[in-house]
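J.: This is the content of model-v5.cif (mmCIF, C-alpha atoms and all ligand atoms):
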data_model
#
loop_
_atom_site.label_atom_id
_atom_site.label_comp_id
_atom_site.auth_asym_id
_atom_site.auth_seq_id
_atom_site.Cartn_x
_atom_site.Cartn_y
_atom_site.Cartn_z
CA MET A 1 0.00 0.00 0.00
CA GLU A 2 2.78 2.36 0.86
CA ARG A 3 4.12 2.12 -2.67
CA LEU A 4 0.91 3.53 -4.11
CA GLN A 5 0.77 6.21 -1.43
CA THR A 6 4.35 7.19 -2.25
CA LEU A 7 3.59 7.31 -5.99
CA LEU A 8 0.60 9.60 -5.41
CA ALA A 9 2.35 11.80 -2.83
CA GLU A 10 5.32 12.26 -5.19
CA TYR A 11 2.98 13.14 -8.05
CA ILE A 12 1.18 15.71 -5.88
CA SER A 13 4.40 17.32 -4.77
CA ALA A 14 5.70 17.49 -8.35
CA HIS A 15 2.45 19.21 -9.46
CA ASN A 16 1.88 21.28 -6.35
CA THR A 17 0.56 24.33 -8.19
CA TYR A 18 -2.62 22.44 -9.16
CA PHE A 19 -3.20 20.59 -5.91
CA SER A 20 -2.48 23.42 -3.45
CA ARG A 21 -5.67 25.15 -4.65
CA HIS A 22 -7.70 22.32 -3.15
CA GLU A 23 -7.25 22.16 0.62
CA TRP A 24 -8.58 18.58 0.93
CA THR A 25 -5.77 17.18 -1.25
CA LYS A 26 -3.26 17.95 1.52
CA ALA A 27 -4.27 14.66 3.15
CA PHE A 28 -2.79 12.87 0.13
CA ALA A 29 0.48 14.77 0.00
CA THR A 30 1.92 13.00 3.06
CA LEU A 31 1.64 9.62 4.79
CA PRO A 32 -0.39 8.18 6.41
CA TYR A 33 -3.40 8.49 4.12
CA PRO A 34 -6.96 9.01 5.38
CA LEU A 35 -8.74 5.98 6.84
CA TYR A 36 -11.44 5.91 4.16
CA TRP A 37 -8.80 5.62 1.43
CA ASN A 38 -7.05 2.79 3.32
CA LYS A 39 -10.37 1.00 3.76
CA VAL A 40 -11.14 1.20 0.03
CA TYR A 41 -7.62 -0.10 -0.61
CA ASP A 42 -8.18 -3.07 1.73
CA ILE A 43 -11.51 -3.88 0.09
CA ALA A 44 -10.19 -3.51 -3.47
CA LYS A 45 -7.25 -5.86 -2.94
CA THR A 46 -9.65 -8.72 -2.02
CA LEU A 47 -11.69 -8.36 -5.24
CA SER A 48 -11.25 -9.87 -8.69
CA ASN A 49 -9.77 -7.21 -10.95
CA SER A 50 -11.90 -8.40 -13.84
CA LYS A 51 -14.84 -6.58 -12.23
CA THR A 52 -16.02 -3.23 -13.53
CA VAL A 53 -15.73 -0.12 -11.35
CA LEU A 54 -17.77 3.07 -11.43
CA GLU A 55 -16.67 5.95 -9.23
CA ILE A 56 -18.89 8.99 -8.69
CA GLY A 57 -17.08 12.19 -7.73
CA ALA A 58 -13.59 11.05 -8.67
CA GLY A 59 -11.80 14.33 -7.96
CA PHE A 60 -8.14 13.93 -8.90
CA GLY A 61 -8.44 10.15 -9.16
CA PHE A 62 -6.90 9.17 -5.81
CA VAL A 63 -9.54 6.47 -5.28
CA SER A 64 -9.69 5.34 -8.91
CA SER A 65 -5.91 4.97 -8.54
CA ILE A 66 -6.46 2.20 -5.97
CA PHE A 67 -8.33 0.12 -8.53
CA ALA A 68 -5.83 0.93 -11.29
CA TYR A 69 -3.00 -0.10 -8.97
CA HIS A 70 -4.69 -3.44 -8.32
CA GLY A 71 -4.95 -4.11 -12.05
CA PHE A 72 -8.62 -3.30 -12.67
CA LYS A 73 -8.93 -2.51 -16.37
CA GLN A 74 -12.53 -1.40 -16.59
CA ILE A 75 -12.81 1.79 -14.56
CA ILE A 76 -15.23 4.59 -15.36
CA ALA A 77 -15.30 7.66 -13.14
CA PHE A 78 -17.25 10.92 -13.18
CA GLU A 79 -15.96 14.31 -12.13
CA ARG A 80 -18.12 17.37 -12.72
CA ASP A 81 -15.29 19.91 -12.50
CA SER A 82 -13.56 19.87 -15.89
CA GLU A 83 -10.23 21.25 -14.60
CA ILE A 84 -10.03 18.68 -11.76
CA CYS A 85 -11.05 15.96 -14.21
CA LYS A 86 -8.24 16.92 -16.61
CA ILE A 87 -5.63 16.78 -13.84
CA GLY A 88 -7.04 13.48 -12.54
CA ASN A 89 -6.79 11.92 -16.00
CA GLU A 90 -3.22 13.18 -16.38
CA LEU A 91 -2.33 11.57 -13.02
CA LEU A 92 -3.87 8.22 -14.04
CA THR A 93 -2.12 8.34 -17.41
CA GLU A 94 1.27 9.26 -16.00
CA ILE A 95 1.26 6.71 -13.16
CA PHE A 96 -0.77 3.84 -14.62
CA GLY A 97 -0.86 4.43 -18.38
CA ILE A 98 -4.67 4.66 -18.31
CA SER A 99 -6.22 7.32 -20.53
CA SER A 100 -9.41 9.31 -20.01
CA CYS A 101 -11.17 7.03 -17.54
CA ILE A 102 -12.54 10.07 -15.71
CA ARG A 103 -15.40 11.68 -17.59
CA SER A 104 -15.84 15.40 -17.26
CA GLU A 105 -19.52 15.12 -16.45
CA LEU A 106 -22.00 15.39 -13.63
CA TYR A 107 -23.13 11.90 -12.66
CA GLY A 108 -26.86 11.85 -12.20
CA MET A 109 -29.21 9.99 -14.46
CA GLN A 110 -26.73 7.97 -16.57
CA ASN A 111 -27.43 4.24 -16.68
CA ILE A 112 -24.07 2.51 -16.46
CA LYS A 113 -24.03 -1.09 -15.30
CA THR A 114 -21.16 -1.88 -12.97
CA ASP A 115 -19.98 -4.56 -10.53
CA ILE A 116 -18.51 -2.12 -8.01
CA LEU A 117 -19.96 1.33 -7.33
CA VAL A 118 -17.84 3.77 -5.33
CA LEU A 119 -18.98 7.02 -3.72
CA VAL A 120 -16.54 8.13 -1.02
CA ASN A 121 -15.42 11.48 0.33
CA CYS A 122 -18.25 12.95 -1.69
CA SER A 123 -21.26 13.95 0.45
CA TYR A 124 -23.10 16.77 -1.24
CA ALA A 125 -26.68 17.85 -0.63
CA ASP A 126 -26.84 19.33 -4.16
CA ASN A 127 -30.49 19.69 -5.17
CA CYS A 128 -31.88 17.69 -2.26
CA LYS A 129 -34.19 19.55 0.08
CA ASN A 130 -34.63 16.91 2.76
CA LYS A 131 -33.37 13.58 4.05
CA GLN A 132 -35.79 11.50 1.98
CA GLU A 133 -34.58 13.14 -1.23
CA TYR A 134 -30.95 12.63 -0.25
CA MET A 135 -31.48 8.96 0.62
CA SER A 136 -33.40 8.44 -2.63
CA LYS A 137 -30.55 10.01 -4.59
CA LEU A 138 -28.00 7.59 -3.08
CA VAL A 139 -30.31 4.64 -3.80
CA SER A 140 -30.96 5.88 -7.36
CA TYR A 141 -27.20 5.74 -8.05
CA TYR A 142 -27.32 2.07 -7.03
CA GLU A 143 -30.35 1.39 -9.23
CA LYS A 144 -28.84 3.20 -12.22
CA ALA A 145 -25.71 1.09 -11.84
CA GLU A 146 -28.05 -1.94 -12.10
CA TYR A 147 -27.62 -3.24 -8.56
CA PRO A 148 -23.84 -3.76 -8.37
CA ASP A 149 -22.31 -6.59 -6.32
CA LEU A 150 -20.71 -3.97 -4.08
CA TYR A 151 -21.53 -0.36 -3.24
CA ILE A 152 -18.72 1.34 -1.31
CA LEU A 153 -20.44 4.36 0.18
CA GLU A 154 -19.08 6.85 2.69
CA VAL A 155 -21.54 9.23 4.36
CA ILE A 156 -21.53 11.89 7.06
CA ASP A 157 -22.61 10.09 10.20
CA SER A 158 -25.75 10.96 12.19
CA SER A 159 -23.61 11.14 15.35
CA TYR A 160 -22.21 14.42 13.99
CA SER A 161 -24.53 17.00 15.52
CA GLU A 162 -22.66 20.31 15.07
CA LYS A 163 -24.24 23.09 13.02
CA ASP A 164 -22.54 22.96 9.64
CA ASP A 165 -23.87 24.67 6.52
CA CYS A 166 -21.73 22.55 4.19
CA PHE A 167 -23.13 19.32 5.61
CA PRO A 168 -26.75 19.98 6.63
CA GLU A 169 -28.35 17.67 9.18
CA PHE A 170 -30.49 15.89 6.62
CA ILE A 171 -27.45 14.40 4.82
CA ARG A 172 -26.14 12.82 8.05
CA LEU A 173 -27.15 9.19 8.01
CA SER A 174 -27.27 6.41 10.59
CA ARG A 175 -26.76 2.71 10.11
CA HIS A 176 -30.53 2.34 10.43
CA ASP A 177 -30.97 4.73 7.48
CA ILE A 178 -28.55 2.71 5.37
CA GLU A 179 -30.31 -0.55 6.30
CA GLN A 180 -33.61 1.00 5.25
CA MET A 181 -32.12 2.07 1.93
CA PHE A 182 -30.65 -1.34 1.13
CA PRO A 183 -32.96 -3.82 2.90
CA ASN A 184 -31.79 -6.96 1.11
CA CYS A 185 -28.07 -6.36 1.34
CA ILE A 186 -25.30 -7.43 3.69
CA ILE A 187 -23.95 -4.27 5.29
CA SER A 188 -20.56 -3.78 6.95
CA SER A 189 -19.33 -0.43 8.23
CA TRP A 190 -16.29 1.36 9.59
CA PRO A 191 -15.97 4.82 11.15
CA THR A 192 -13.59 6.87 9.00
CA TYR A 193 -13.69 10.29 10.67
CA GLN A 194 -14.65 11.10 14.25
CA TYR A 195 -15.66 14.56 15.49
CA PRO A 196 -14.06 16.39 17.34
CA ILE A 197 -10.75 14.68 16.49
CA ASN A 198 -11.73 15.36 12.87
CA LYS A 199 -13.85 18.19 11.52
CA LYS A 200 -16.85 15.85 11.25
CA SER A 201 -17.82 12.21 11.67
CA LYS A 202 -18.15 9.88 8.71
CA THR A 203 -18.82 6.17 8.21
CA LEU A 204 -17.87 4.01 5.26
CA TYR A 205 -20.39 1.30 4.33
CA LEU A 206 -19.76 -1.79 2.26
CA ILE A 207 -23.13 -2.78 0.84
CA GLU A 208 -23.10 -6.27 -0.66
CA LYS A 209 -25.81 -7.96 -2.67
CA SER A 210 -27.00 -10.99 -0.66
C1 LIG B 301 -13.87 15.94 -2.10
S1 LIG B 301 -13.67 15.40 -3.73
C2 LIG B 301 -13.19 13.72 -3.47
C3 LIG B 301 -12.73 12.97 -4.68
C4 LIG B 301 -12.49 11.47 -4.49
N1 LIG B 301 -13.72 10.77 -4.19
C5 LIG B 301 -11.44 11.20 -3.44
O1 LIG B 301 -11.79 10.72 -2.35
O2 LIG B 301 -10.27 11.46 -3.70
C6 LIG B 301 -15.32 15.21 -4.36
C7 LIG B 301 -15.45 15.47 -5.84
O3 LIG B 301 -16.70 15.00 -6.30
C8 LIG B 301 -17.15 15.82 -7.37
N2 LIG B 301 -18.60 15.54 -7.51
C9 LIG B 301 -19.55 15.65 -6.55
N3 LIG B 301 -20.74 15.20 -7.00
C10 LIG B 301 -20.55 14.79 -8.27
C11 LIG B 301 -21.40 14.21 -9.27
N4 LIG B 301 -22.70 13.97 -9.05
N5 LIG B 301 -20.88 13.90 -10.48
C12 LIG B 301 -19.57 14.14 -10.74
N6 LIG B 301 -18.70 14.68 -9.83
C13 LIG B 301 -19.19 15.00 -8.61
C14 LIG B 301 -16.75 17.21 -6.93
O4 LIG B 301 -16.60 18.09 -8.02
C15 LIG B 301 -15.41 16.94 -6.22
O5 LIG B 301 -14.30 17.14 -7.07
#
Could you express the structure from this file as structure tokens?
Ligand SMILES: C[S@@+](CC[C@H](N)C(=O)[O-])C[C@H]1O[C@@H](n2cnc3c(N)ncnc32)[C@H](O)[C@@H]1O

T.:
Amino acid sequence: MERLQTLLAEYISAHNTYFSRHEWTKAFATLPYPLYWNKVYDIAKTLSNSKTVLEIGAGFGFVSSIFAYHGFKQIIAFERDSEICKIGNELLTEIFGISSCIRSELYGMQNIKTDILVLVNCSYADNCKNKQEYMSKLVSYYEKAEYPDLYILEVIDSSYSEKDDCFPEFIRLSRHDIEQMFPNCIISSWPTYQYPINKKSKTLYLIEKS
């Protein structure tokens, strides 16, 4: 794992002018990496790399990189910010020789069948006005991906009760909420961030088709 972390950290430091504009990328410039990233790494290394991967909100490709590193060949990712998408694709090309796997597009209604759906470090209320709409949006991603074998989903946890305009209360979900959303699935979970040690609390869920 450290080898991949070192590759990414070196890439970030060599292209610091791009990355320094995005505060959250600092966590990838030095070791150790955030827990959620390590958890995705641990999950990915147990999976067959012949499976297809769809990542929503790929950013600079740090999570898609995990799958590329493990030899997955069929990766599609979506990043709505065209500049970030361009840099993410350059990173994946330079390190792994993969070209244009990140699409410069908002992921919403596209039907793309996949085996593994990934939505981590990407909790946005966007057009949702309440909790029901937010939960429905996360479930609709799963449906549009045609019920993948695995959904790796990280959300802001309901235990986080501070006032926070970026992460309104209705997007903070409990395990009970996730169980309601995916009633026929096997659900495992890990805390990834814990307030007040971190700025907020988050939980990563592995949602498996039973
Ligand atoms: C905080 S970054 C994290 C990127 C990546 N998941 C990671 O952990 O390295 C979240 C990114 O998701 C993108 N994003 C959010 N919602 C999206 C959507 N529906 N479709 C495409 N990109 C989206 C944002 O533009 C942002 O660059």

J.: Is there a way to get, as an NGL selection string, all residues within 7 Å of the point (-11.9, -6.5, -12.1) in file coordinates, counting all atoms listed in the file?

T.: :A and (48-52 or 72-74)

J.: Could you check which of A:Lys45, A:Gly71, A:Leu35, A:Leu91 is closest to Thr203 of chain A, using only C-alpha atoms?

T.: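 Between A:Lys45, A:Gly71, A:Leu35, A:Leu91, the residue approaching Thr203 of chain A most closely is A:Leu35.
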
J.: Would you give the centre and edge lengths, in Å to one decimal, of a box along x, y and z around the listed atoms of ligand LIG 301 (chain B), with 8 Å added to each side, as AutoDock Vina command-line options?

T.:
--center_x -16.5 --center_y 14.4 --center_z -6.4 --size_x 28.4 --size_y 23.4 --size_z 24.6

J.: Using Å and a single decimal, report how far atom CA of Leu92 of chain A sits from atom CA of Thr25 of chain A.

T.: 15.7 Å

J.: As a quick test: using all atoms listed in the file, which residues lie no more than 8 Å away from ligand LIG 301 (chain B)? Give them as an MDAnalysis selection string.

T.: chainID A and resid 24:25 37 55:63 78:81 84:85 104:108 119:124 126

J.: How far is it from atom CA of Ile171 of chain A to atom CA of Ser65 of chain A, in Å with one decimal?

T.: 27.0 Å

J.: Rounded to one decimal place, report the atom CA of Leu47 of chain A-atom CA of Leu7 of chain A distance in Å.

T.: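 Distance reported for this atom pair: 21.9 Å.
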
J.: With a distance cut-off of 8 Å and all atoms listed in the file, select the neighbouring residues of segment 143-157 of chain A, excluding the residue or stretch itself and same-chain residues fewer than 3 positions from it, and output the selection as a VMD selection string.

T.: chain A and resid 36 40 109 to 123 139 to 140 160 167 171 to 174 200 to 209

J.: Counting only C-alpha atoms, which of A:Leu4, A:Ala125, A:His22, A:Lys131 gets nearest to Asn38 of chain A?

T.: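 Counting only C-alpha atoms, the residue closest to Asn38 of chain A is A:Leu4.
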
J.: Env of His176 of chain A: 12 Å cut, atoms = only C-alpha atoms, seq-sep filter 6 positions within chain, self excluded. Answer as number ranges by chain.

T.: A: 135, 157-158, 182-183, 187, 189, 205

J.: Nearest residue to Gly97 of chain A out of A:Cys166, A:Ala68, A:Cys185, A:Ile43, using only C-alpha atoms?

T.: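 When distances to Gly97 of chain A are compared using only C-alpha atoms, the smallest one comes from A:Ala68.
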